[in-house]
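Colleague: Please see the structure below; I have some questions.
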Amino acid sequence: MALALRDRRPSGDAVSRRRPNLQVIAARRGTTRVLVVAAVLVAAGAAMLGVIHTQIAGRQAQLDALDRRIVAAGEQFDTLRAIRAELRAPLRLDAEARALDMEPAMSSSFLPIDPQVHAMVIAATGRSGGDGAVPDDLGPLDQFRLVKALGAVNP
Amino acid sequence: MSRPALPQRRLRSVDGRRADSRLRVGNQRRRVQLVAFVMIIILAFVASKVARLQTSGGDHLREVAYDQWTRTTPLSADRGTIFDRNGEELAVSIPASTISINPRLINDPAATLSVLSTLLNLDVDDQQRLYDEMVSKERGFVYVRRQVDAALGAQIAELRLSGVNVDDEPRRILPGGDTGRSVIGRTDIDGVGTAGLELQYNDLLTGTTGEVTRQVAPGGRSVPGTESDTSLPVPGDDLVLTLDRSIQFTCEEALIDQVAATGSKAGTCIVMDVDSGELYAMASVKRDAESGEVGITSGNFAAVDAYEPGSVAKVITIAAGIDTGAVTADTTFVVPWRRQHGEDLLRDSHEHPDEEMTVRQILVESSNIGTIDVQLETGRPRHWDYMRAFGLGEPTALEFPGESAGILKHWTALQGSEQVTVSYGQGLASTPIQLVTAVNVIANNGLYVAPKIVRGVVGSDGSITPTAPSATHEVVRPDSAAIVQDMMIDVVCSGTATRAQVDSFNVAGKTGTGLKAQPDGGYEDEFGQRSYYASFVGFFPAEDPQVTVLISIDEPPAGTINRFGGTAAAPVFARLVPTIANELGLQPPTTASACDGQAS
């Protein structure tokens with residue numbers, strides 16, 4: 001079955017009626033430039049962000065390593081305290097002394113000392129002031145308190 | 001030009017039925033509307049669901065999701081250290097590692113067990129137990145060994161064995177060995193105080209546990225780059241005791257030697273500062289019933305056990321008599337060696353003719369009958385008031401776990417001969433800490449000062465908070481105390497405690513030989529044997545008392561000379577004085593020996 005074909009093209013008058021009024025406008029070079037700059041800025045920002053994140057991660061890793069060292073140092077401090085306490089324990093000292101054929105004194109006697117001799121001994125062995133600030137010169141309890149106080153300041 | 005007419009056709013469904021007119025091909029607008037409507041319904045449902053999850057119904061799901069992607073690990077807080085008065089560690093927690101396994105993650109049980117056995121030196125039973133667990137894979141967590149050396153734990157962790165966990169778990173140790181163990185007490189393996197000061201101050205010593213929360217992948221590994229939320233643990237506070245580790249050790253050694261040498265059952269030693277009530281030592285030793293070895297006990301008998309104090313209580317009776325003015329040191333009584341009181345015939349320790357004895361002689365020679373006379377002269381109600389003022393019949397301020405109040409019946413409740421035997425220490429019971437505190441009243445010029453064992457607390461910032469000074473109250477006037485002090489010097493110089501004399505220092509004291517009550521309430525066991533409780537309480541330098549010391553020996557052999565306080569306990573006191581003086585820097589006064597010219 002054949003169908004009659006119809007010319008679907010608009011007629012000349014209709015074309016002329018529908019044709020838009022064209023105008024010459026400037027090329028959109030400025031917009032492109034802005035887009036390019038923006039893209040570069042975004043890319044640079046993203047890169048900087050990456051760098052910053054890397055830096056932060058690196059610093060965080062350093063801080064974590066420092067924290068681990070602090071914890072390890074604290075544990076070592078506790079271990080050394082315990083070892084020192086064992087070494088200074090009367091039980092051990094008594095055993096060591098007995099091994100050297102020493103015995104506890106069953107009596108004591110006090111001898112008067114010439115004050116001049118006493119003064120000379122102090123002058124010869126006494127220390128000048130200021131040395132007490134050195135932690136090694138502190139007693140065990142003061143050393144412990146010092147470390148604990150530092151831990152409280154920098155948790 | 002008109003369009004050619006097309007034949008009218010209707011869409012039919014495949015089965016030939018006539019399709020619904022609304023779904024006809026070409027009715028596109030209706031179909032779009034239908035799809036849009038369905039989409040709106042779906043979106044509305046989703047939106048309402050989202051709204052509900054974001055408001056009321058989402059909390060639970062958020063919690064579940066948070067639990068899924070995070071893992072929280074507890075961070076154990078360090079238990080506080082216990083120091084002696086000089087800052088020496090008595091109990092300290094040190095880093096240690098606990099090894100455990102997850103049998104379900106172990107691929108090669110034999111190899112894993114071999115490595116662990118080699119490093120941890122596991123015995124055959126442990127090896128078999130672990131192997132069974134690894135093979136059965138029934139449990140997800142099994143301890144291999146707890147609180148091993150931290151270096152060993154690190155070594156095992158480095159091996160990265162599948163299914164083997166290494167966790168930090170501090171271990172509590174006494175670096176000085178058993179020194180002070182009776183007082184310090186102990187903790188269980190979880191670090192919780194179960195006895196002694198560890199129990200009493202458990203809340204203070206225990207810190208606040210922290211935790212770290214991190215985001216994890218499905219495999220349990222941390223997600224790189226994610227933040228972790230860490231709550232740091234707060235370590236426990238630290239105790240600074242009044243104990244001196246060297247004096248404590250010397251006390252324990254001296255007691256062990258004496259208990260072993262005399263064949264006694266146990267011994268107690270307390271060393272107390274006269275003015276402050278601070279305890280320099282508090283030692284308890286006991287003979288093991290099976291092995292016969294004498295060692296430091298885990299129980300603080302000095303505060304927990306109460307016995308009849310015996311003649312040491314005469315100090316209270318004589319002080320009460322003098323302080324009330326009922327007697328003076330020179331008041332005389334005619335004292336027989338025995339006297340009937342109620343149904344009981346009471347007697348002195350040795351037979352002697354009726355003799356006139358001064359109050360001083362009564363104390364020096366430790367006459368029971370004479371002491372009864374002083375008590376009756378004072379009046380029983382007032383005597384009882386003094387005993388309470390001296391601290392008998394109630395726990396001390398130590399509040400030690402399990403501390404005994406002793407036994408002191410009200411004077412109206414005393415029956416028969418107990419009404420008078422309390423004057424010389426029978427018919428009542430006191431703990432060693434009560435007894436030394438009571439005699440310390442005389443050394444401290446009549447002022448009762450409560451015993452104290454904690455000097456201060458070290459806080460989390462390292463600062464020390466001293467404990468409050470001990471409570472005090474006047475019991476007898478200073479002049480009354482001075483008279484009794486003088487009498488007690490005579491006890492050491494020429495009375496029952498001559499073996500407490502030491503070179504360089506004048507000593508004052510009083511012996512006591514109490515009888516231990518048997519389960520039936522009497523003083524003799526089924527074999528007619530008596531058990532004794534020998535003690536000596538003294539202080540020095542007698543001219544200016546600084547230290548009060550109690551020595552008690554529990555159940556010295558009944559048939560020997562060592563059953564008395566003067567023979568069993570006083571020599572231990574004499575042995576301790578040089579060490580105590582050295583540790584505390586005490587120097588003898590320049591006055592001559594108080595015992596010069598006195599028979600001893």
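How things are named: the first chain in the structure tokens is A, the next is B, and so on; residues count from 1 in each chain; ligands count from 1 in the order shown.
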Pick out each residue of segment 67-106 of chain B that DSSP on the backbone tags as strand (DSSP E); I need them as a list in words.

Modeller: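 Selection result, strand (DSSP E) within segment 67-106 of chain B: Thr70, Arg71, Thr72, Thr73, Pro74, Leu75, Ile82, Phe83, Glu89, Leu90, Ala91, Val92, Ser93, Ile94, Ala96, Ser97, Thr98, Ile99, Ser100 and Ile101 of chain B.
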
Colleague: Just the selected residues (C-alpha atoms), exported as a PDB file, in the first residue's frame, please.

Modeller:
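For reference, selection-v2.pdb as written:
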ATOM      1  CA  THR B  70      34.751   1.670  66.329  1.00  0.00           C
ATOM      2  CA  ARG B  71      36.718  -0.302  68.873  1.00  0.00           C
ATOM      3  CA  THR B  72      37.250   0.947  72.423  1.00  0.00           C
ATOM      4  CA  THR B  73      40.277  -0.315  74.299  1.00  0.00           C
ATOM      5  CA  PRO B  74      40.575   0.355  78.035  1.00  0.00           C
ATOM      6  CA  LEU B  75      43.779   1.972  79.267  1.00  0.00           C
ATOM      7  CA  ILE B  82      53.306   3.029  98.774  1.00  0.00           C
ATOM      8  CA  PHE B  83      56.379   4.762 100.208  1.00  0.00           C
ATOM      9  CA  GLU B  89      59.204   2.208  97.801  1.00  0.00           C
ATOM     10  CA  LEU B  90      57.403  -0.429  99.849  1.00  0.00           C
ATOM     11  CA  ALA B  91      54.912  -1.442  97.167  1.00  0.00           C
ATOM     12  CA  VAL B  92      55.121  -0.428  93.548  1.00  0.00           C
ATOM     13  CA  SER B  93      53.527  -1.417  90.255  1.00  0.00           C
ATOM     14  CA  ILE B  94      55.922  -2.185  87.436  1.00  0.00           C
ATOM     15  CA  ALA B  96      54.392  -6.217  82.801  1.00  0.00           C
ATOM     16  CA  SER B  97      52.726  -8.056  79.960  1.00  0.00           C
ATOM     17  CA  THR B  98      49.951 -10.580  79.860  1.00  0.00           C
ATOM     18  CA  ILE B  99      50.036 -13.214  77.136  1.00  0.00           C
ATOM     19  CA  SER B 100      46.766 -14.621  75.847  1.00  0.00           C
ATOM     20  CA  ILE B 101      45.613 -16.488  72.775  1.00  0.00           C
TER      21      ILE B 101
END

Colleague: Set out as CSV a contact list for chain B and chain A with a cut-off of 9 Å, giving each residue of chain B that qualifies its closest atom pair and distance in Å to one decimal, counting only C-alpha atoms, ordered by chain and rising residue number.

Modeller:
residue,atom,partner,partner_atom,distance
B:Arg3,CA,A:Ala4,CA,8.8
B:Pro4,CA,A:Ala4,CA,7.7
B:Phe83,CA,A:Leu141,CA,7.6
B:Asn86,CA,A:Leu141,CA,7.5
B:Gly87,CA,A:Leu141,CA,4.3
B:Glu88,CA,A:Pro140,CA,6.4
B:Glu89,CA,A:Ala85,CA,5.9
B:Leu90,CA,A:Ala85,CA,8.0
B:Ala91,CA,A:Ala82,CA,8.8
B:Val92,CA,A:Ala82,CA,6.8
B:Ser93,CA,A:Asp78,CA,7.5
B:Ile94,CA,A:Thr79,CA,5.6
B:Pro95,CA,A:Glu75,CA,6.0
B:Ile173,CA,A:Ala82,CA,8.3
B:Leu174,CA,A:Glu86,CA,8.5
B:Pro175,CA,A:Glu86,CA,4.7
B:Gly176,CA,A:Ala89,CA,4.8
B:Gly177,CA,A:Leu91,CA,6.9
B:Asp178,CA,A:Leu91,CA,8.5
B:Thr179,CA,A:Leu91,CA,7.6
B:Gly225,CA,A:Ala57,CA,7.6
B:Leu232,CA,A:Pro155,CA,7.7
B:Val240,CA,A:Leu141,CA,8.8
B:Arg245,CA,A:Pro90,CA,7.5
B:Ser246,CA,A:Pro90,CA,6.1
B:Phe249,CA,A:Pro90,CA,6.5
B:Thr250,CA,A:Pro90,CA,8.5
B:Val458,CA,A:Arg145,CA,7.4
B:Gly459,CA,A:Lys148,CA,8.7
B:Ser460,CA,A:Ala152,CA,6.5
B:Asp461,CA,A:Ala149,CA,4.5
B:Gly462,CA,A:Arg145,CA,4.4
B:Ser463,CA,A:Arg145,CA,6.9
B:Ile464,CA,A:Arg145,CA,8.4
B:Val502,CA,A:Ser107,CA,7.0
B:Asp503,CA,A:Ser107,CA,6.4
B:Ser504,CA,A:Ser109,CA,6.0
B:Ala574,CA,A:Met106,CA,8.1
B:Arg575,CA,A:Met106,CA,5.7
B:Leu576,CA,A:Met106,CA,8.2
B:Val577,CA,A:Ser107,CA,8.1
B:Pro578,CA,A:Ser108,CA,5.6
B:Thr579,CA,A:Ala105,CA,8.0
B:Asn582,CA,A:Ser108,CA,8.8
B:Gln587,CA,A:Phe110,CA,7.7
B:Pro588,CA,A:Phe110,CA,7.9

Colleague: Write down as an MDAnalysis selection string the residues of segment 17-117 of chain A whose backbone DSSP state falls under helix (DSSP H, G or I).

Modeller: chainID A and resid 17:18 29:87 90:99 115:117

Colleague: So that I can see what lies close to segment 339-347 of chain B, please list as a PDB file with C-alpha atoms, in the first residue's frame the residues with an atom at most 9 Å from it, counting only C-alpha atoms and leaving out residues fewer than 6 positions away in the same chain.

Modeller:
ATOM      1  CA  SER B 367      52.689  -7.333 142.489  1.00  0.00           C
ATOM      2  CA  ASN B 368      49.184  -8.371 141.485  1.00  0.00           C
ATOM      3  CA  ILE B 369      47.777  -8.130 144.990  1.00  0.00           C
ATOM      4  CA  GLY B 416      33.547 -12.185 140.504  1.00  0.00           C
ATOM      5  CA  SER B 417      37.292 -11.743 140.621  1.00  0.00           C
ATOM      6  CA  VAL B 420      39.783  -6.656 140.469  1.00  0.00           C
ATOM      7  CA  THR B 421      41.904  -8.713 138.089  1.00  0.00           C
TER       8      THR B 421
END

Colleague: So what do you get for atom CA of Tyr533 of chain B versus atom CA of Asp554 of chain B, distance-wise?

Modeller: 4.9 Å

Colleague: Tell me, in Å to one decimal, how far atom CA of Glu474 of chain B is from atom CA of Ala397 of chain B.

Modeller: 16.2 Å

Colleague: Pick the closest to Leu550 of chain B from B:Asn562, B:Thr437, B:Gln501, B:Thr513: which is it, counting only C-alpha atoms?

Modeller: B:Thr437

Colleague: Rounded to one decimal place, report the atom CA of Ser593 of chain B-atom CA of Gln485 of chain B distance in Å.

Modeller: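 Atom-to-atom, atom CA of Ser593 of chain B and atom CA of Gln485 of chain B are spaced 15.1 Å apart.
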